[in-house]
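Student: You'll find entry_25.txt just under this line, and it carries compact mmCIF, C-alpha atoms.
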# COMPACT_ATOMS: atom_id res chain seq x y z
CA MET A 149 185.31 51.40 149.24
CA VAL A 150 187.80 54.13 148.36
CA PHE A 151 190.29 51.46 147.26
CA MET A 152 187.68 50.11 144.85
CA LEU A 153 186.80 53.58 143.52
CA ARG A 154 190.37 54.67 143.09
CA PHE A 155 192.15 51.53 141.96
CA GLY A 156 189.37 49.16 140.87
CA LEU A 157 187.36 51.64 138.85
CA ARG A 158 190.23 54.10 138.38
CA TYR A 159 188.16 57.13 139.24
CA ARG A 160 189.81 60.44 139.91
CA ILE A 161 188.49 63.53 141.67
CA ARG A 162 189.84 66.70 140.12
CA ASN A 163 191.30 69.21 142.61
CA ALA A 164 190.68 66.71 145.43
CA ALA A 165 193.19 68.27 147.81
CA GLU A 166 191.71 71.73 147.40
CA LEU A 167 188.16 70.41 147.76
CA ARG A 168 189.00 68.53 150.96
CA SER A 169 190.80 71.49 152.40
CA ARG A 170 187.78 73.70 151.70
CA TYR A 171 185.40 71.12 153.16
CA ARG A 172 187.43 70.67 156.33
CA ALA A 173 187.58 74.42 156.81
CA LEU A 174 183.83 74.59 156.33
CA VAL A 175 183.29 71.83 158.89
CA ARG A 176 185.55 73.60 161.39
CA GLU A 177 183.83 76.95 160.92
CA SER A 178 180.25 75.72 160.64
CA ASP A 179 178.24 76.33 163.78
CA GLY A 180 174.94 74.81 162.72
CA PRO A 181 173.43 71.69 161.19
CA VAL A 182 174.44 71.01 157.59
CA LEU A 183 172.47 68.95 155.12
CA ILE A 184 174.49 67.93 152.07
CA CYS A 185 172.23 68.21 149.01
CA ALA A 186 173.71 66.67 145.88
CA ASN A 187 172.68 66.11 142.31
CA HIS A 188 172.14 62.48 141.39
CA LEU A 189 173.25 60.65 138.26
CA THR A 190 174.61 57.27 139.39
CA MET A 191 173.99 54.76 142.15
CA ILE A 192 177.35 55.40 143.80
CA ASP A 193 177.08 59.18 143.98
CA SER A 194 176.94 59.22 147.79
CA ALA A 195 180.24 57.29 147.99
CA LEU A 196 181.81 59.61 145.40
CA VAL A 197 180.66 62.71 147.26
CA ALA A 198 182.02 61.37 150.55
CA TRP A 199 185.31 60.45 148.89
CA ALA A 200 185.57 63.85 147.22
CA LEU A 201 184.88 65.83 150.37
CA GLY A 202 186.75 63.84 152.97
CA GLY A 203 189.09 61.35 151.37
CA SER A 204 189.35 58.04 153.17
CA TRP A 205 191.55 58.44 156.22
CA TRP A 206 189.84 61.63 157.27
CA TRP A 207 186.54 59.78 157.60
CA VAL A 208 188.24 57.04 159.63
CA PHE A 209 189.36 59.59 162.18
CA ASN A 210 186.23 61.72 161.83
CA TYR A 211 183.59 59.01 161.59
CA ARG A 212 181.04 61.24 163.31
CA ARG A 213 181.43 63.74 160.49
CA MET A 214 180.69 61.15 157.82
CA PRO A 215 177.29 61.94 156.37
CA TRP A 216 174.27 59.72 156.89
CA ASN A 217 172.74 58.58 153.61
CA LEU A 218 169.24 57.70 152.52
CA PRO A 219 169.65 54.92 149.94
CA GLU A 220 166.64 53.38 148.26
CA TYR A 221 165.58 50.44 150.44
CA ASN A 222 165.11 48.05 147.54
CA ASN A 223 168.59 48.70 146.19
CA PHE A 224 170.57 48.29 149.37
CA ALA A 225 168.63 46.86 152.25
CA SER A 226 166.54 43.97 151.06
CA HIS A 227 168.88 41.45 152.79
CA TRP A 228 169.94 41.49 156.46
CA PHE A 229 173.66 41.43 155.54
CA ASN A 230 173.29 44.44 153.27
CA ARG A 231 171.28 46.17 155.99
CA ALA A 232 174.13 45.58 158.47
CA LEU A 233 176.66 46.97 156.01
CA ALA A 234 174.38 49.91 155.30
CA TRP A 235 174.21 50.70 159.02
CA ILE A 236 178.02 50.69 159.35
CA ALA A 237 178.20 52.99 156.32
CA LYS A 238 175.69 55.28 158.06
CA CYS A 239 172.78 54.54 155.75
CA LEU A 240 169.11 54.80 156.63
CA PRO A 241 167.26 52.97 153.86
CA ILE A 242 164.17 54.71 152.58
CA VAL A 243 161.46 53.60 150.18
CA ARG A 244 161.44 56.35 147.56
CA GLY A 245 157.97 57.24 146.47
CA GLY A 246 156.60 55.33 149.44
CA LYS A 247 153.79 56.39 151.72
CA ARG A 248 154.47 59.76 153.32
CA SER A 249 153.88 58.32 156.78
CA GLU A 250 156.59 55.66 156.25
CA VAL A 251 159.08 58.11 154.72
CA SER A 252 158.33 60.47 157.57
CA GLY A 253 159.86 58.09 160.15
CA VAL A 254 163.20 58.03 158.34
CA LEU A 255 163.19 61.80 157.84
CA LYS A 256 162.57 62.26 161.56
CA CYS A 257 165.67 60.16 162.26
CA ILE A 258 167.70 62.44 159.99
CA GLN A 259 166.21 65.54 161.61
CA HIS A 260 167.22 64.17 165.02
CA LEU A 261 170.74 63.32 163.85
CA LEU A 262 171.25 66.77 162.32
CA SER A 263 170.08 68.44 165.49
CA LYS A 264 172.73 66.39 167.36
CA GLY A 265 175.50 67.72 165.12
CA GLU A 266 175.67 64.85 162.62
CA THR A 267 175.70 65.46 158.88
CA ALA A 268 173.42 63.89 156.30
CA LEU A 269 173.44 63.63 152.52
CA ILE A 270 170.29 63.67 150.46
CA PHE A 271 169.64 63.84 146.74
CA ALA A 272 167.54 66.89 146.10
CA GLU A 273 165.87 65.45 143.03
CA GLY A 274 164.76 62.32 144.87
CA GLY A 275 166.17 59.93 142.30
CA ARG A 276 168.69 59.78 139.49
CA SER A 277 167.97 62.43 136.89
CA ARG A 278 166.50 60.78 133.80
CA THR A 279 167.61 63.68 131.63
CA GLY A 280 171.19 63.83 132.87
CA ARG A 281 170.60 67.41 133.98
CA ILE A 282 169.11 68.88 137.15
CA GLN A 283 165.39 68.31 136.89
CA LEU A 284 163.56 71.37 138.17
CA ASP A 285 160.29 69.52 137.90
CA SER A 286 161.48 66.61 140.04
CA ILE A 287 161.92 67.83 143.55
CA ALA A 288 162.24 65.52 146.54
CA ASP A 289 159.87 66.43 149.31
CA GLY A 290 162.31 65.32 152.02
CA VAL A 291 164.97 67.95 151.39
CA GLY A 292 162.73 70.86 152.24
CA ARG A 293 161.08 68.99 155.02
CA ILE A 294 164.37 68.33 156.80
CA ILE A 295 165.63 71.90 156.36
CA SER A 296 162.30 73.28 157.49
CA SER A 297 162.23 71.22 160.67
CA VAL A 298 165.84 71.65 161.82
CA PRO A 299 166.40 75.19 163.11
CA GLY A 300 169.34 76.93 161.45
CA CYS A 301 169.90 74.08 159.01
CA GLN A 302 172.10 75.06 156.08
CA ALA A 303 172.23 73.33 152.72
CA LEU A 304 175.60 72.33 151.34
CA CYS A 305 174.84 71.98 147.64
CA VAL A 306 177.26 69.59 145.96
CA TYR A 307 177.47 69.27 142.20
CA LEU A 308 179.27 66.13 141.03
CA ARG A 309 179.73 64.98 137.46
CA GLY A 310 182.06 62.65 135.63
CA ASP A 311 183.59 64.02 132.43
CA ARG A 312 182.09 61.10 130.49
CA GLN A 313 178.73 61.18 132.26
CA GLU A 314 176.23 62.17 129.59
CA SER A 315 173.10 60.92 131.29
CA TRP A 316 172.13 58.76 134.27
CA SER A 317 173.63 55.30 134.81
CA THR A 318 174.27 52.61 137.40
CA ILE A 319 177.90 53.59 137.87
CA PRO A 320 180.14 56.12 136.09
CA ALA A 321 182.39 54.98 133.25
CA ARG A 322 185.58 53.23 134.37
CA GLY A 323 188.48 55.63 134.56
CA ASP A 324 186.23 58.70 134.68
CA SER A 325 187.45 61.95 136.16
CA PHE A 326 185.05 63.94 138.33
CA TYR A 327 184.29 67.61 138.64
CA VAL A 328 183.05 68.43 142.14
CA ASP A 329 182.05 71.77 143.58
CA PHE A 330 180.08 72.76 146.65
CA GLU A 331 178.43 75.87 148.07
CA LEU A 332 176.85 76.46 151.44
CA PHE A 333 173.68 78.49 151.75
CA GLU A 334 170.80 78.92 154.15
CA PRO A 335 167.42 78.83 152.46
CA ASN A 336 164.82 81.34 153.57
CA SER A 337 161.09 81.34 153.18
CA GLU A 338 158.21 83.60 154.12
CA HIS A 339 155.83 80.66 153.99
CA SER A 340 154.89 78.16 156.66
CA GLY A 341 153.76 74.55 156.77
CA LEU A 342 154.03 72.35 153.71
CA ARG A 343 154.56 75.35 151.43
CA ARG A 344 157.65 76.35 153.42
CA SER A 345 159.15 72.87 152.95
CA ARG A 346 158.44 72.99 149.23
CA ASP A 347 159.95 76.47 148.99
CA PHE A 348 163.18 75.24 150.62
CA ALA A 349 163.35 72.22 148.34
CA VAL A 350 162.87 74.40 145.25
CA GLN A 351 165.62 76.77 146.39
CA VAL A 352 168.04 73.87 146.82
CA VAL A 353 167.30 72.38 143.40
CA GLU A 354 167.51 75.80 141.73
CA HIS A 355 170.87 76.35 143.44
CA LEU A 356 172.12 73.04 142.06
CA ALA A 357 170.83 74.01 138.63
CA ARG A 358 172.89 77.23 138.76
CA MET A 359 175.96 75.18 139.74
CA GLU A 360 175.28 72.90 136.79
CA GLU A 361 175.01 75.85 134.43
CA ARG A 362 178.37 77.03 135.67
CA TYR A 363 179.86 73.56 135.12
CA PHE A 364 178.69 73.46 131.51
CA SER A 365 179.74 77.02 130.80
CA GLN A 366 183.23 76.28 132.18
CA SER A 367 183.56 72.99 130.34
CA GLY A 368 182.41 74.53 127.09
CA VAL A 369 179.71 71.90 126.55
CA THR A 370 176.47 73.33 125.24
CA ALA A 371 173.30 72.48 127.14
CA MET B 188 130.85 73.51 153.22
CA THR B 189 129.54 69.95 153.06
CA LYS B 190 131.61 66.82 152.73
CA ASP B 191 130.15 66.17 149.26
CA GLU B 192 131.09 69.66 148.08
CA ILE B 193 134.64 69.16 149.32
CA LEU B 194 134.82 65.73 147.68
CA GLU B 195 133.70 67.17 144.35
CA ARG B 196 136.39 69.86 144.41
CA VAL B 197 139.05 67.42 145.63
CA ILE B 198 138.30 65.12 142.70
CA GLU B 199 138.67 67.99 140.24
CA ILE B 200 142.07 68.86 141.68
CA VAL B 201 143.28 65.26 141.83
CA ARG B 202 142.18 64.77 138.21
CA LEU B 203 144.89 67.22 137.11
CA TYR B 204 147.63 65.01 138.56
CA ALA B 205 146.23 61.48 138.13
CA LYS B 206 148.02 59.23 135.66
CA ASP B 207 145.53 56.38 135.66
CA ASP B 208 142.37 57.39 133.79
CA ASP B 209 140.54 54.16 134.60
CA ALA B 210 141.12 54.60 138.33
CA MET B 211 140.06 58.23 137.96
CA GLU B 212 136.74 57.15 136.47
CA ALA B 213 136.10 54.86 139.44
CA ILE B 214 137.34 57.34 142.05
CA SER B 215 135.84 57.09 145.53
CA LEU B 216 136.74 58.01 149.10
CA GLU B 217 138.77 54.79 149.30
CA THR B 218 140.89 55.52 146.23
CA ASN B 219 144.59 55.67 147.13
CA ILE B 220 146.12 58.75 145.53
CA LEU B 221 149.64 57.33 145.17
CA GLN B 222 148.90 53.70 144.35
CA ASP B 223 145.59 53.80 142.50
CA LEU B 224 145.88 57.11 140.68
CA LYS B 225 149.65 56.75 140.15
CA VAL B 226 150.40 60.22 141.45
CA ASN B 227 154.06 60.23 142.49
CA SER B 228 155.03 61.32 145.99
CA ALA B 229 156.52 64.64 144.86
CA ARG B 230 153.34 65.43 142.94
CA LEU B 231 151.27 64.56 146.03
CA VAL B 232 152.77 67.66 147.63
CA ASP B 233 151.56 69.70 144.64
CA VAL B 234 148.10 68.19 145.08
CA ILE B 235 148.00 69.15 148.74
CA LEU B 236 149.28 72.66 147.96
CA ALA B 237 146.45 72.93 145.43
CA PHE B 238 144.05 72.00 148.25
CA GLU B 239 145.54 74.84 150.29
CA ASP B 240 144.82 77.31 147.53
CA GLU B 241 141.38 75.97 146.72
CA PHE B 242 140.10 75.83 150.30
CA ASP B 243 142.21 78.65 151.75
CA ILE B 244 143.75 76.41 154.41
CA GLU B 245 147.29 75.73 155.62
CA VAL B 246 148.57 72.19 155.82
CA GLU B 247 151.54 71.13 157.95
CA ASP B 248 153.98 68.43 156.87
CA GLU B 249 152.60 66.12 159.56
CA ASP B 250 149.02 66.69 158.36
CA ALA B 251 150.08 65.75 154.85
CA ASP B 252 151.53 62.46 156.13
CA ALA B 253 148.00 61.30 156.89
CA VAL B 254 146.80 61.76 153.32
CA ASP B 255 146.81 58.42 151.51
CA THR B 256 143.31 58.27 150.08
CA VAL B 257 140.82 60.73 148.65
CA GLY B 258 138.83 60.23 151.85
CA ASP B 259 141.85 61.19 153.97
CA ALA B 260 142.16 64.41 151.96
CA VAL B 261 138.47 65.20 152.39
CA GLU B 262 138.67 64.59 156.16
CA LEU B 263 141.76 66.78 156.45
CA ILE B 264 140.12 69.63 154.55
CA LEU B 265 136.89 69.24 156.49
CA ALA B 266 138.80 69.54 159.76
CA LYS B 267 140.68 72.62 158.50
CA VAL B 268 137.71 74.53 157.11
CA GLY B 269 135.76 73.76 160.25
Please express the file's structure as C-alpha cells.
Tutor:
Amino acid sequence: MVFMLRFGLRYRIRNAAELRSRYRALVRESDGPVLICANHLTMIDSALVAWALGGSWWWVFNYRRMPWNLPEYNNFASHWFNRALAWIAKCLPIVRGGKRSEVSGVLKCIQHLLSKGETALIFAEGGRSRTGRIQLDSIADGVGRIISSVPGCQALCVYLRGDRQESWSTIPARGDSFYVDFELFEPNSEHSGLRRSRDFAVQVVEHLARMEERYFSQSGVTA
Amino acid sequence: MTKDEILERVIEIVRLYAKDDDAMEAISLETNILQDLKVNSARLVDVILAFEDEFDIEVEDEDADAVDTVGDAVELILAKVG
C-alpha cells in the first residue's frame, strides 16, 4: 500500500519524520485508549493517515498499534475477497447512515478493541466533506458514542490535506504533497446519555475545524 | 400523557427534520424515520434530543438504537414519561 502511495501515486507527506517521531512519542507516553478522529476528503484518507503517522515498517513491527478503520461497507466489503483484505488491514466495514441498531454492533466492537489497548480511526464528519471544509453541521454519531462509552478515551484529532485538494474526491491528485498535523485532547461533558455522546462529537469536530483554520491561515489561502 | 398526545407531539418534531413531504403527509406509527422520511442518521440524533427537550426525558445511546419508526419513538417516550 505504501509503495503504491509513494511511488505509484507519488504522494509525499511533509515533515513525515517529525510527525512520526511525535506520534511514536505519543504512543509511548499515552496511558489510555486513543481514538484517532480525522477529517475526511478522499477515499484513501485512512491509508494516508496511517502512512503519515507510522510509516510502513513501523506498522509491520507494531501491527497491534495500527488503527482499526470503519470503511463504508458498500465501498470495501461487498465481496468476500475484499472483506478478507479488509480484515487483514484491520477494517470493520460499517453501513454509513444505516440503522442505529446495526451500526451499534460495529461500534461496540471498536469500543471493546479500544478498551483492550488497540487504536481505531474514525472520520468525525461521518463521510467525505461535500464542501471541502470541516462541516460543523455534519457530525458522525459514532465518534461521540465511542468516546462516551470507553472510560478515559482521548481523541487524537488528525487534520490531513493535500496541497491540491480543493474539495472532496475519490483520491488526491497524483503527485500531491500532504500537510498533516495532530493534537490529542480529552473531551469533557457535563451531560449524560445521548446528549453526552453528541457533546463529545461536537467537540471533536470543532477541534478539527480549529486545526483547519490554522492550516488555511498558515498556507495563506483565504477561506 | 396519552399515547395519542405523545404521537401528536412526536409528529410535530419529526416534521422539522423530514425530507419527504409525501411520506410526512401519510405518517403513521409504522413510518420509518430514516427510510421513509429520509432523515439522515446524524439528524436522527437531533430528533431524539428534541424528544428529550419536549418530554423532559433522558435517552441513552442504547435506547436510541431501538428507534426506527415513529411508533418506536412513541413507545420509548411513553416508557420514559411513565
Student: From the set B:Ala266, B:Ile214, B:Ala253, B:Val234, which residue has the shortest atom-to-atom contact distance to chain A, counting only C-alpha atoms?
Tutor: B:Ala253
Student: Report as a PyMOL selection string the set of chain A residues whose atoms approach chain B to within 12 Å, with distances computed over all atoms listed in the file.
Tutor: chain A and resi 243-253+255-256+272-275+284-294+296-297+339-347+349-350
Student: Using all atoms listed in the file, which of A:Glu166, A:Val182, A:Leu218, A:Leu196 sits nearest Pro320 of chain A?
Tutor: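 Closest to Pro320 of chain A, using all atoms listed in the file: A:Leu196.
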Student: For a test of reading the model, state the distance in Å between atom CA of Tyr171 of chain A and atom CA of Ile184 of chain A, rounded to one decimal.
Tutor: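 Value for the atom CA of Tyr171 of chain A-atom CA of Ile184 of chain A distance: 11.4 Å.
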Student: With distances taken over all atoms listed in the file, which residue among B:Leu203, B:Val197, B:Met188, B:Ala237 lies nearest Leu265 of chain B?
Tutor: B:Met188
Student: Of the residues A:Thr267, A:Ser317, A:Asn222, A:Gln351, which is the one nearest to Ile192 of chain A, using all atoms listed in the file?
Tutor: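 For Ile192 of chain A, the nearest of the given residues is A:Ser317.
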Student: Counting all atoms listed in the file, figure out which residue out of A:Tyr363, A:Phe229, A:Trp216, A:Phe348 gets nearest to Val197 of chain A.
Tutor: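 Closest to Val197 of chain A of all the choices is A:Trp216.
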Student: Generate the coordinates of N, CA and C atoms for segment 228-239 of chain A; report them as a PDB file, keeping the file's coordinate frame.
Tutor:
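Output below, filename result_2.pdb:
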ATOM      1  N   TRP A 228     169.460  41.066 155.133  1.00  0.00           N
ATOM      2  CA  TRP A 228     169.940  41.490 156.460  1.00  0.00           C
ATOM      3  C   TRP A 228     171.431  41.859 156.429  1.00  0.00           C
ATOM      4  N   PHE A 229     172.234  41.145 155.598  1.00  0.00           N
ATOM      5  CA  PHE A 229     173.660  41.430 155.540  1.00  0.00           C
ATOM      6  C   PHE A 229     173.910  42.823 154.951  1.00  0.00           C
ATOM      7  N   ASN A 230     173.164  43.110 153.883  1.00  0.00           N
ATOM      8  CA  ASN A 230     173.290  44.440 153.270  1.00  0.00           C
ATOM      9  C   ASN A 230     172.828  45.536 154.233  1.00  0.00           C
ATOM     10  N   ARG A 231     171.783  45.190 155.010  1.00  0.00           N
ATOM     11  CA  ARG A 231     171.280  46.170 155.990  1.00  0.00           C
ATOM     12  C   ARG A 231     172.353  46.470 157.037  1.00  0.00           C
ATOM     13  N   ALA A 232     173.065  45.392 157.482  1.00  0.00           N
ATOM     14  CA  ALA A 232     174.130  45.580 158.470  1.00  0.00           C
ATOM     15  C   ALA A 232     175.241  46.458 157.901  1.00  0.00           C
ATOM     16  N   LEU A 233     175.631  46.163 156.660  1.00  0.00           N
ATOM     17  CA  LEU A 233     176.660  46.970 156.010  1.00  0.00           C
ATOM     18  C   LEU A 233     176.203  48.426 155.854  1.00  0.00           C
ATOM     19  N   ALA A 234     174.935  48.558 155.498  1.00  0.00           N
ATOM     20  CA  ALA A 234     174.380  49.910 155.300  1.00  0.00           C
ATOM     21  C   ALA A 234     174.441  50.695 156.615  1.00  0.00           C
ATOM     22  N   TRP A 235     174.187  50.011 157.719  1.00  0.00           N
ATOM     23  CA  TRP A 235     174.210  50.700 159.020  1.00  0.00           C
ATOM     24  C   TRP A 235     175.618  51.183 159.332  1.00  0.00           C
ATOM     25  N   ILE A 236     176.619  50.311 159.087  1.00  0.00           N
ATOM     26  CA  ILE A 236     178.020  50.690 159.350  1.00  0.00           C
ATOM     27  C   ILE A 236     178.398  51.898 158.475  1.00  0.00           C
ATOM     28  N   ALA A 237     177.891  51.886 157.240  1.00  0.00           N
ATOM     29  CA  ALA A 237     178.200  52.990 156.320  1.00  0.00           C
ATOM     30  C   ALA A 237     177.265  54.188 156.542  1.00  0.00           C
ATOM     31  N   LYS A 238     176.580  54.188 157.661  1.00  0.00           N
ATOM     32  CA  LYS A 238     175.690  55.280 158.060  1.00  0.00           C
ATOM     33  C   LYS A 238     174.577  55.519 157.020  1.00  0.00           C
ATOM     34  N   CYS A 239     173.893  54.437 156.692  1.00  0.00           N
ATOM     35  CA  CYS A 239     172.780  54.540 155.750  1.00  0.00           C
ATOM     36  C   CYS A 239     171.461  54.267 156.470  1.00  0.00           C
TER      37      CYS A 239
END
